[in-house]
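K.L.:
Data: work30.txt, compact mmCIF, C-alpha atoms.
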# COMPACT_ATOMS: atom_id res chain seq x y z
CA MET H 1 0.00 0.00 0.00
CA GLU H 2 1.38 3.41 -0.92
CA PHE H 3 0.46 6.82 0.40
CA ASP H 4 1.02 10.20 -1.07
CA GLU H 5 2.56 12.63 1.43
CA ASP H 6 -0.04 15.23 0.48
CA GLU H 7 -2.81 12.96 1.82
CA PHE H 8 -1.82 13.76 5.40
CA GLU H 9 -2.46 17.22 6.72
CA GLU H 10 -0.67 16.25 9.91
CA SER H 11 2.01 13.69 10.54
CA PRO H 12 0.54 10.29 11.48
CA PHE H 13 3.29 9.95 14.06
CA LEU H 14 3.40 11.37 17.56
CA SER H 15 5.48 14.46 18.09
CA ASP H 16 8.24 14.43 20.71
CA GLU H 17 5.93 16.25 23.10
CA GLU H 18 3.18 13.65 22.67
CA ILE H 19 5.34 10.60 23.29
CA PRO H 20 4.73 9.36 26.82
CA THR H 21 7.85 9.42 28.91
CA ILE H 22 8.82 6.60 31.19
CA ASP H 23 8.99 7.79 34.73
CA GLU H 24 12.27 6.59 36.23
CA GLU H 25 10.61 6.42 39.63
CA MET H 26 7.97 4.10 38.17
CA ILE H 27 10.63 1.75 36.80
CA SER H 28 12.55 1.56 40.06
CA ARG H 29 9.44 1.32 42.22
CA GLU H 30 9.29 -1.74 44.41
CA VAL H 31 6.04 -3.65 44.69
CA ASP H 32 5.09 -5.79 47.67
CA PHE H 33 4.35 -9.08 45.92
CA GLU H 34 2.26 -10.39 48.80
CA GLU H 35 -0.04 -7.35 48.94
CA GLY H 36 -3.57 -8.39 48.05
CA MET H 37 -2.67 -12.09 47.91
CA ASN H 38 -5.65 -14.34 48.56
CA PRO H 39 -4.89 -16.82 51.37
CA VAL H 40 -7.38 -19.23 49.76
CA PRO H 41 -5.88 -20.34 46.43
CA ILE H 42 -8.99 -21.98 44.95
CA VAL H 43 -7.34 -23.93 42.12
CA SER H 44 -4.58 -25.23 44.37
CA ILE H 45 -7.06 -26.26 47.04
CA LEU H 46 -9.23 -28.07 44.48
CA LEU H 47 -6.18 -29.88 43.10
CA GLY H 48 -5.19 -30.81 46.65
CA VAL H 49 -8.69 -32.09 47.41
CA ALA H 50 -8.58 -34.20 44.23
CA CYS H 51 -5.27 -35.71 45.40
CA LEU H 52 -6.73 -36.40 48.85
CA ILE H 53 -9.81 -38.11 47.40
CA VAL H 54 -7.64 -40.31 45.19
CA PHE H 55 -5.35 -41.04 48.16
CA PHE H 56 -8.36 -42.10 50.25
CA PHE H 57 -9.28 -44.62 47.56
CA GLN H 58 -5.66 -45.76 47.41
CA ILE H 59 -5.76 -46.52 51.14
CA VAL H 60 -9.10 -48.33 50.86
CA GLY H 61 -7.87 -50.28 47.82
CA GLY H 62 -4.58 -51.27 49.40
CA THR H 63 -2.40 -49.71 46.71
CA LEU H 64 0.10 -48.26 49.17
CA THR H 65 1.53 -51.70 49.84
CA ASP H 66 0.89 -53.45 46.52
CA LEU H 67 2.76 -52.26 43.42
CA ASP H 68 0.59 -54.30 41.05
CA LYS H 69 -2.55 -52.62 42.41
CA LEU H 70 -0.87 -49.21 42.13
CA ILE H 71 -0.04 -49.88 38.49
CA ALA H 72 -3.58 -51.15 37.88
CA ILE H 73 -5.12 -47.85 39.03
CA GLY H 74 -2.85 -45.60 36.96
CA ALA H 75 0.74 -45.36 38.17
CA LEU H 76 3.19 -44.20 35.53
CA SER H 77 4.83 -47.17 33.85
CA SER H 78 6.78 -46.86 30.61
CA LYS H 79 5.67 -50.36 29.60
CA HIS H 80 1.99 -49.41 29.88
CA VAL H 81 2.39 -45.99 28.27
CA LEU H 82 4.16 -47.59 25.30
CA GLN H 83 1.16 -49.92 25.01
CA GLY H 84 -1.05 -46.86 24.47
CA GLU H 85 -2.11 -46.04 28.02
CA ILE H 86 -1.09 -42.39 27.64
CA TRP H 87 -3.66 -41.31 30.27
CA ARG H 88 -1.14 -42.45 32.88
CA VAL H 89 0.88 -39.24 32.39
CA ILE H 90 -2.04 -37.48 34.13
CA SER H 91 -3.35 -40.16 36.50
CA ALA H 92 0.06 -40.73 38.10
CA GLY H 93 0.12 -37.08 39.19
CA PHE H 94 -2.86 -37.65 41.47
CA LEU H 95 -1.54 -40.87 43.02
CA HIS H 96 0.92 -40.85 45.92
CA GLY H 97 3.16 -43.44 47.51
CA SER H 98 2.73 -42.65 51.21
CA PRO H 99 1.11 -40.26 53.69
CA ASP H 100 4.40 -38.33 53.94
CA HIS H 101 4.57 -38.05 50.15
CA ILE H 102 1.09 -36.55 49.78
CA PHE H 103 1.49 -34.33 52.85
CA GLY H 104 4.71 -32.80 51.50
CA ASN H 105 3.22 -32.23 48.07
CA LEU H 106 0.05 -30.65 49.49
CA VAL H 107 1.97 -28.23 51.72
CA VAL H 108 4.17 -27.07 48.85
CA LEU H 109 1.17 -26.96 46.48
CA TYR H 110 -0.64 -24.62 48.87
CA ILE H 111 2.35 -22.29 49.30
CA LEU H 112 3.37 -22.15 45.64
CA GLY H 113 -0.24 -22.20 44.48
CA MET H 114 -1.03 -19.11 46.51
CA GLY H 115 1.82 -17.23 44.82
CA CYS H 116 1.08 -18.55 41.34
CA GLU H 117 -2.64 -17.79 41.51
CA HIS H 118 -1.81 -14.28 42.72
CA ALA H 119 0.78 -13.70 39.99
CA PHE H 120 -0.66 -15.57 37.02
CA GLY H 121 -4.35 -16.05 37.80
CA ARG H 122 -6.31 -19.24 38.31
CA GLY H 123 -6.51 -20.35 34.69
CA GLN H 124 -2.81 -19.95 33.97
CA THR H 125 -1.92 -21.62 37.26
CA LEU H 126 -4.06 -24.62 36.36
CA PHE H 127 -2.53 -24.72 32.88
CA LEU H 128 1.00 -24.51 34.32
CA TYR H 129 0.23 -27.27 36.83
CA VAL H 130 -1.20 -29.68 34.24
CA ALA H 131 1.46 -28.90 31.63
CA ALA H 132 4.25 -29.42 34.17
CA MET H 133 2.59 -32.64 35.36
CA ILE H 134 2.61 -33.99 31.81
CA VAL H 135 6.18 -32.89 31.11
CA GLY H 136 7.35 -34.26 34.45
CA SER H 137 5.66 -37.58 33.71
CA LEU H 138 7.25 -37.77 30.28
CA PHE H 139 10.70 -37.19 31.78
CA SER H 140 9.95 -39.72 34.49
CA LEU H 141 9.24 -42.33 31.81
CA THR H 142 12.90 -42.24 30.78
CA GLY H 143 13.91 -43.72 34.15
CA GLY H 144 12.09 -46.96 33.44
CA ARG H 145 10.64 -47.18 36.95
CA VAL H 146 7.04 -47.04 38.12
CA SER H 147 6.30 -43.60 39.56
CA VAL H 148 3.51 -41.61 41.17
CA GLY H 149 3.12 -38.14 42.61
CA ALA H 150 2.59 -34.49 41.83
CA SER H 151 6.26 -33.54 42.06
CA GLY H 152 6.56 -32.67 38.37
CA ALA H 153 3.57 -30.33 38.64
CA ILE H 154 4.92 -28.83 41.88
CA PHE H 155 8.31 -28.19 40.28
CA GLY H 156 6.48 -26.52 37.38
CA LEU H 157 4.80 -24.10 39.79
CA MET H 158 8.16 -23.49 41.45
CA GLY H 159 9.71 -22.80 38.05
CA GLY H 160 6.94 -20.32 37.28
CA MET H 161 7.59 -18.44 40.51
CA ILE H 162 11.37 -18.48 40.05
CA SER H 163 10.94 -17.18 36.51
CA LEU H 164 8.66 -14.39 37.72
CA PHE H 165 11.04 -13.30 40.46
CA MET H 166 14.11 -13.51 38.22
CA ARG H 167 12.44 -11.41 35.56
CA HIS H 168 11.15 -8.78 37.99
CA ARG H 169 13.70 -9.12 40.80
CA SER H 170 14.31 -5.38 41.07
CA GLN H 171 10.62 -4.55 41.44
CA LEU H 172 9.22 -7.35 43.61
CA VAL H 173 9.66 -7.41 47.34
CA VAL H 174 8.74 -10.43 49.41
CA ARG H 175 8.29 -10.05 53.14
Could you spell out this file's structure in structure tokens?

P.N.:
Amino acid sequence: MEFDEDEFEESPFLSDEEIPTIDEEMISREVDFEEGMNPVPIVSILLGVACLIVFFFQIVGGTLTDLDKLIAIGALSSKHVLQGEIWRVISAGFLHGSPDHIFGNLVVLYILGMGCEHAFGRGQTLFLYVAAMIVGSLFSLTGGRVSVGASGAIFGLMGGMISLFMRHRSQLVVR
């Protein structure tokens, strides 16, 4: 598309006076990251409740002491995934190997989830959690061992928070 200079009575570009200036004080301003943070991270709590419900059924079904039963209900196993049971990359993230395992994951999920939901919003936090769960499961498949747990998803949330703080380290203050 071509334009004739005579078509414009005024320049289509902003003059130097009209260009907004960046306030140096605004750039260097520190923001309290925790200000306005909701102490009830809904997505993280719902994910935690889902893990607890599954764990309850694991206890009732005796999967904590029987590897074959654990595999039968969805533990991550490269043999089964290679046979087409790709759903295991998700199901394994809701299964846990012991009370200590689920307790540790739930505590960290709550803490990181609160920060992620505050920084990224609920939808992006859920997306990050599920995407990291899948990626973590895929990496776990390379080890050739049966695995369960939300650690891949938890590390994804941690990576999101580390990335946020690294990118904005001069502006964010954490108490």

K.L.:
Pick out the closest residue to Val89 of chain H from this set: H:Ala119, H:Ile134, H:Val40, H:Met166. Count only C-alpha atoms.

P.N.:
H:Ile134

K.L.:
So what do you get for atom CA of Ser91 of chain H versus atom CA of Pro39 of chain H, distance-wise?

P.N.:
27.7 Å

K.L.:
Just give me the gap between atom CA of Val49 of chain H and atom CA of Thr142 of chain H in Å, one decimal is fine.

P.N.:
29.1 Å

K.L.:
Taking 3 positions as the minimum chain separation for residues in the same chain, which residues sit within 12 Å of Val107 of chain H when counting only C-alpha atoms? Answer as a ChimeraX atom specification.

P.N.:
/H:44-45,47-48,100-104,110-114,150-151,154

K.L.:
Using only C-alpha atoms, which of the listed residues (H:Arg122, H:Ser137, H:Tyr129, H:Gly149) sits closest to Val54 of chain H?

P.N.:
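Comparing H:Arg122, H:Ser137, H:Tyr129, H:Gly149 against Val54 of chain H, the winner is H:Gly149.
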
K.L.:
Using all atoms listed in the file for the distances, tell me which of H:Leu164, H:Leu70, H:Met133, H:Cys116 is nearest to Phe57 of chain H.

P.N.:
H:Leu70

K.L.:
So that I can check the surroundings of segment 58-63 of chain H, please list as a list in words every protein, DNA and RNA residue that reaches within 10 Å of it, counting only C-alpha atoms and ignoring chain neighbours fewer than 2 positions away.

P.N.:
Leu52, Ile53, Val54, Phe55, Phe56, Thr65, Asp66, Leu67, Asp68, Lys69, Leu70, Ile71, Ala72, Ile73, Leu95, His96, Gly97, Ser98 and Pro99 of chain H

K.L.:
Check the smallest atom-to-atom distance from each of H:Gln124, H:Ser163, H:Ser77, H:Gln171 to Val146 of chain H using all atoms listed in the file, then report the winner.

P.N.:
H:Ser77

K.L.:
Quick check, in Å to one decimal: how far apart do atom CA of Leu109 of chain H and atom CA of Val81 of chain H lie?

P.N.:
26.4 Å

K.L.:
With a distance cut-off of 9 Å and only C-alpha atoms, select the neighbouring residues of Gly156 of chain H, excluding the residue or stretch itself and same-chain residues fewer than 5 positions from it, and output the selection as JSON, numbers by chain.

P.N.:
{"H": [128, 129, 130, 131, 132, 133, 135, 136, 151, 161]}

K.L.:
Check the smallest atom-to-atom distance from each of H:Asn105, H:Phe120, H:Ala50, H:Arg169 to Gly152 of chain H using all atoms listed in the file, then report the winner.

P.N.:
H:Asn105

K.L.:
Could you tell me which of H:Ser78, H:Ser170, H:Asn38, H:Thr125 comes closest to Leu138 of chain H if we count only C-alpha atoms?

P.N.:
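Nearest candidate to Leu138 of chain H out of H:Ser78, H:Ser170, H:Asn38, H:Thr125: H:Ser78.
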